[in-house]
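Trainee: Before anything else, here's the structure in question.
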Amino acid sequence: MRITMKRNRPTVAIVGAGPAGSAAAFVTASHGLRTILIDRARHPREKVCGEGCTPRAVRNLERMGLDLTLQGVSVTHTHLISPGGIELFTQLPPGIHGGQALVIPRTILDERLTQRAVRAGADLRQDLRVDQVTVSSSCARLHLHDGSTLDADVVIGCDGMPSVVRRSLGGEPFRQAQTASAVRAIYEDVVWDRERALVLVWDKAVLPAYGWIFPLPEGRANVGIGMRMDQLQAKEANLRRILETFLQLPRIRSLLAKARPVGRVKGHPLPMTCSPTDFVFDRGLLAGDAAGFVNPLTGEGIEYALESGELAGRVVVQAAQLGNFDRRSLMLYSWACADQFLPILRLNGWLRHVFAVPWLLDRLFRASLRSERLREDIARIALGGEGARFSGRMLRGALFG
């Protein structure tokens, strides 16, 4: 139901114009709410990320009316490498939303998403920094860096980690064991020895970190590595040095033999929790990284950002129809997120312990060489866990190879 009020249309302020913020703005603006989408930068802007979109994320983009296949690299295979060097080159299961992933620069993805929200009616305000949000019985007030304020009926925080909106609304900060750090480099002139695939590597030299190589347009690749912060500090390790170790692995050197790095190595923090909390407040919701919706095994977050942004937008539309934006009226968002995300997040949170044990992972990969169903389950796990089953077959493979 589209809200058609003109004079007293509810106002929603969305902080952060990444995938979560743009998805939320697309929904609320499409339903007639006055939608203000705020970003501290100006698009197109760089966002440090692996830049991979799972088939589920591709489906979400298509639902918003976006076909980005011509601006990214369509991927239909995974190339997984175990600590002992066992390689699985597997087609993405067609049952996962058509089995086609996408790797696309965030400069393109985020700009296209914000443009889609603007076409739906959102008011995009760039180069605008939010320093604090205060909530009263009558409004959510955004205190801007230039000294001005902006009043809205409800605010959706999509401003990543750390989130100004989360902190302002009273959300607990993520604990060290709930956060991770990732670094990535861009390479050009990459020659793929097989069909272009999502390359994921678990090697003894870098575990419990894992590495990736994702194909980008024009012969480039996104190469990176990620690790939980508590593990990083326990090892007193430097993630950039771990990336250097990763780049010297024989298989990685072979893949990048004729390539060369472009620009400098860049890093970013991300939440990595199995049970996100503190994302619903009076007159406020959090989505994407700000809420903690990131795969705790792989660090993938675009699909969760798009879906949580869409869910947040839907719940705000329903609250606007009732004319009430208190926490009780917005709790439907918590229930919807629990139903949609928690089973997958908890499964992957458990699986990350399996993927950190070299001999277990080697045996699982070895068993997968003889079992198509097991290979498909591992591919599903690598793509976020959707539809994956930790079956007796997988357990026997992990224990006995």
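Naming scheme: A, B, ... for chains in displayed order of the structure tokens; residues 1 onward per chain; ligands 1 onward as shown.
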For range 174-182 of chain A, list every protein, DNA or RNA residue within 10 Å, evaluated using only C-alpha atoms, and leave out those in the same chain fewer than 5 positions away; present the list as number ranges by chain.
Mentor: A: 48-50, 161-162, 209-211, 224-233, 239-240, 243, 266-277, 290-292, 294, 296, 299
Trainee: Residues at most 12 Å from Arg166 in chain A, counting only C-alpha atoms, excluding those fewer than 3 positions away in the same chain, as a PyMOL selection string?
Mentor: chain A and resi 15+130-134+155-163+169-174+277-281+284-292
Trainee: Could those residues be written to a file, using C-alpha atoms, as an mmCIF file, in the first residue's frame?
Mentor:
```
data_model
loop_
_atom_site.group_PDB
_atom_site.id
_atom_site.type_symbol
_atom_site.label_atom_id
_atom_site.label_comp_id
_atom_site.auth_asym_id
_atom_site.auth_seq_id
_atom_site.Cartn_x
_atom_site.Cartn_y
_atom_site.Cartn_z
ATOM 1 C CA VAL A 15 22.377 7.230 7.191
ATOM 2 C CA VAL A 130 26.147 12.752 10.874
ATOM 3 C CA ASP A 131 27.860 13.193 14.263
ATOM 4 C CA GLN A 132 25.044 12.081 16.550
ATOM 5 C CA VAL A 133 21.392 11.055 16.673
ATOM 6 C CA THR A 134 19.093 11.931 19.555
ATOM 7 C CA VAL A 155 16.154 6.815 11.332
ATOM 8 C CA ILE A 156 17.690 3.736 9.692
ATOM 9 C CA GLY A 157 21.387 3.366 10.424
ATOM 10 C CA CYS A 158 23.277 1.805 7.508
ATOM 11 C CA ASP A 159 26.595 3.444 8.315
ATOM 12 C CA GLY A 160 28.747 0.350 8.649
ATOM 13 C CA MET A 161 31.096 -0.416 11.505
ATOM 14 C CA PRO A 162 31.643 1.501 13.665
ATOM 15 C CA SER A 163 28.173 3.039 13.348
ATOM 16 C CA LEU A 169 20.807 4.936 19.922
ATOM 17 C CA GLY A 170 22.448 2.976 22.744
ATOM 18 C CA GLY A 171 23.502 -0.184 20.938
ATOM 19 C CA GLU A 172 26.328 -2.146 22.509
ATOM 20 C CA PRO A 173 29.625 -1.986 20.591
ATOM 21 C CA PHE A 174 30.745 -5.213 18.977
ATOM 22 C CA THR A 277 21.616 -7.948 18.750
ATOM 23 C CA ASP A 278 20.750 -4.311 19.432
ATOM 24 C CA PHE A 279 19.366 -3.280 16.054
ATOM 25 C CA VAL A 280 15.832 -2.121 16.988
ATOM 26 C CA PHE A 281 15.186 1.035 19.043
ATOM 27 C CA GLY A 284 15.476 3.665 14.956
ATOM 28 C CA LEU A 285 16.613 0.545 13.091
ATOM 29 C CA LEU A 286 20.020 -0.711 11.977
ATOM 30 C CA ALA A 287 20.766 -2.671 8.796
ATOM 31 C CA GLY A 288 23.780 -4.227 7.101
ATOM 32 C CA ASP A 289 27.155 -4.037 8.855
ATOM 33 C CA ALA A 290 25.785 -1.593 11.436
ATOM 34 C CA ALA A 291 23.450 -4.351 12.665
ATOM 35 C CA GLY A 292 26.106 -7.075 12.446
#
```
Trainee: Rounded to one decimal in Å, what is the spacing between CA of Thr298 in chain A and CA of Glu244 in chain A?
Mentor: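 Taking CA of Thr298 in chain A as the start and CA of Glu244 in chain A as the end point, the length is 19.6 Å.
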Trainee: Per residue of range 119-218 of chain A within 10 Å of range 27-39 of chain A, what are the shortest atom pair and its distance in Å to one decimal, counting only C-alpha atoms, with rows by chain and residue number, as JSON lines?
Mentor:
```
{"residue": "A:Arg119", "atom": "CA", "partner": "A:Ala29", "partner_atom": "CA", "distance": 9.0}
{"residue": "A:Ala120", "atom": "CA", "partner": "A:Ser30", "partner_atom": "CA", "distance": 5.3}
{"residue": "A:Gly121", "atom": "CA", "partner": "A:Ala29", "partner_atom": "CA", "distance": 5.1}
{"residue": "A:Ala122", "atom": "CA", "partner": "A:Thr35", "partner_atom": "CA", "distance": 5.0}
{"residue": "A:Asp123", "atom": "CA", "partner": "A:Ile36", "partner_atom": "CA", "distance": 4.8}
{"residue": "A:Leu124", "atom": "CA", "partner": "A:Leu37", "partner_atom": "CA", "distance": 4.7}
{"residue": "A:Arg125", "atom": "CA", "partner": "A:Ile38", "partner_atom": "CA", "distance": 4.9}
{"residue": "A:Gln126", "atom": "CA", "partner": "A:Asp39", "partner_atom": "CA", "distance": 4.9}
{"residue": "A:Asp127", "atom": "CA", "partner": "A:Asp39", "partner_atom": "CA", "distance": 6.2}
{"residue": "A:Leu128", "atom": "CA", "partner": "A:Asp39", "partner_atom": "CA", "distance": 5.8}
{"residue": "A:Arg129", "atom": "CA", "partner": "A:Asp39", "partner_atom": "CA", "distance": 6.8}
{"residue": "A:Val130", "atom": "CA", "partner": "A:Ile38", "partner_atom": "CA", "distance": 8.4}
{"residue": "A:Leu150", "atom": "CA", "partner": "A:Ile36", "partner_atom": "CA", "distance": 9.8}
{"residue": "A:Ala152", "atom": "CA", "partner": "A:Ile36", "partner_atom": "CA", "distance": 8.9}
{"residue": "A:Asp153", "atom": "CA", "partner": "A:Arg34", "partner_atom": "CA", "distance": 9.9}
{"residue": "A:Val155", "atom": "CA", "partner": "A:Ile36", "partner_atom": "CA", "distance": 9.6}
{"residue": "A:Ile156", "atom": "CA", "partner": "A:Leu37", "partner_atom": "CA", "distance": 9.6}
{"residue": "A:Cys158", "atom": "CA", "partner": "A:Asp39", "partner_atom": "CA", "distance": 9.7}
{"residue": "A:Asp159", "atom": "CA", "partner": "A:Asp39", "partner_atom": "CA", "distance": 8.4}
```
Trainee: Env of Ile81 in chain A: 8 Å cut, atoms = only C-alpha atoms, seq-sep filter 6 positions within chain, self excluded. Answer as a list of chain:residue names.
Mentor: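 Residues near the query, excluding close chain neighbours: A:Glu87, A:Leu88, A:Val199, A:Leu200, A:Val201, A:Trp202, A:Asp203.
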Trainee: Provide the CA of Phe26 in chain A to CA of Gly99 in chain A distance in Å, to one decimal place.
Mentor: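 Interatomic distance, CA of Phe26 in chain A to CA of Gly99 in chain A: 25.7 Å.
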Trainee: Between CA of Phe341 in chain A and CA of His353 in chain A, measure the distance and give it in Å to one decimal.
Mentor: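 Those two atoms sit 19.3 Å apart.
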Trainee: Find the residue from A:Thr245, A:Ser82, A:Ser137, A:Thr107 that sits nearest to Val354 in chain A; use only C-alpha atoms when measuring.
Mentor: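 Using only C-alpha atoms, the shortest distance to Val354 in chain A belongs to A:Ser82.
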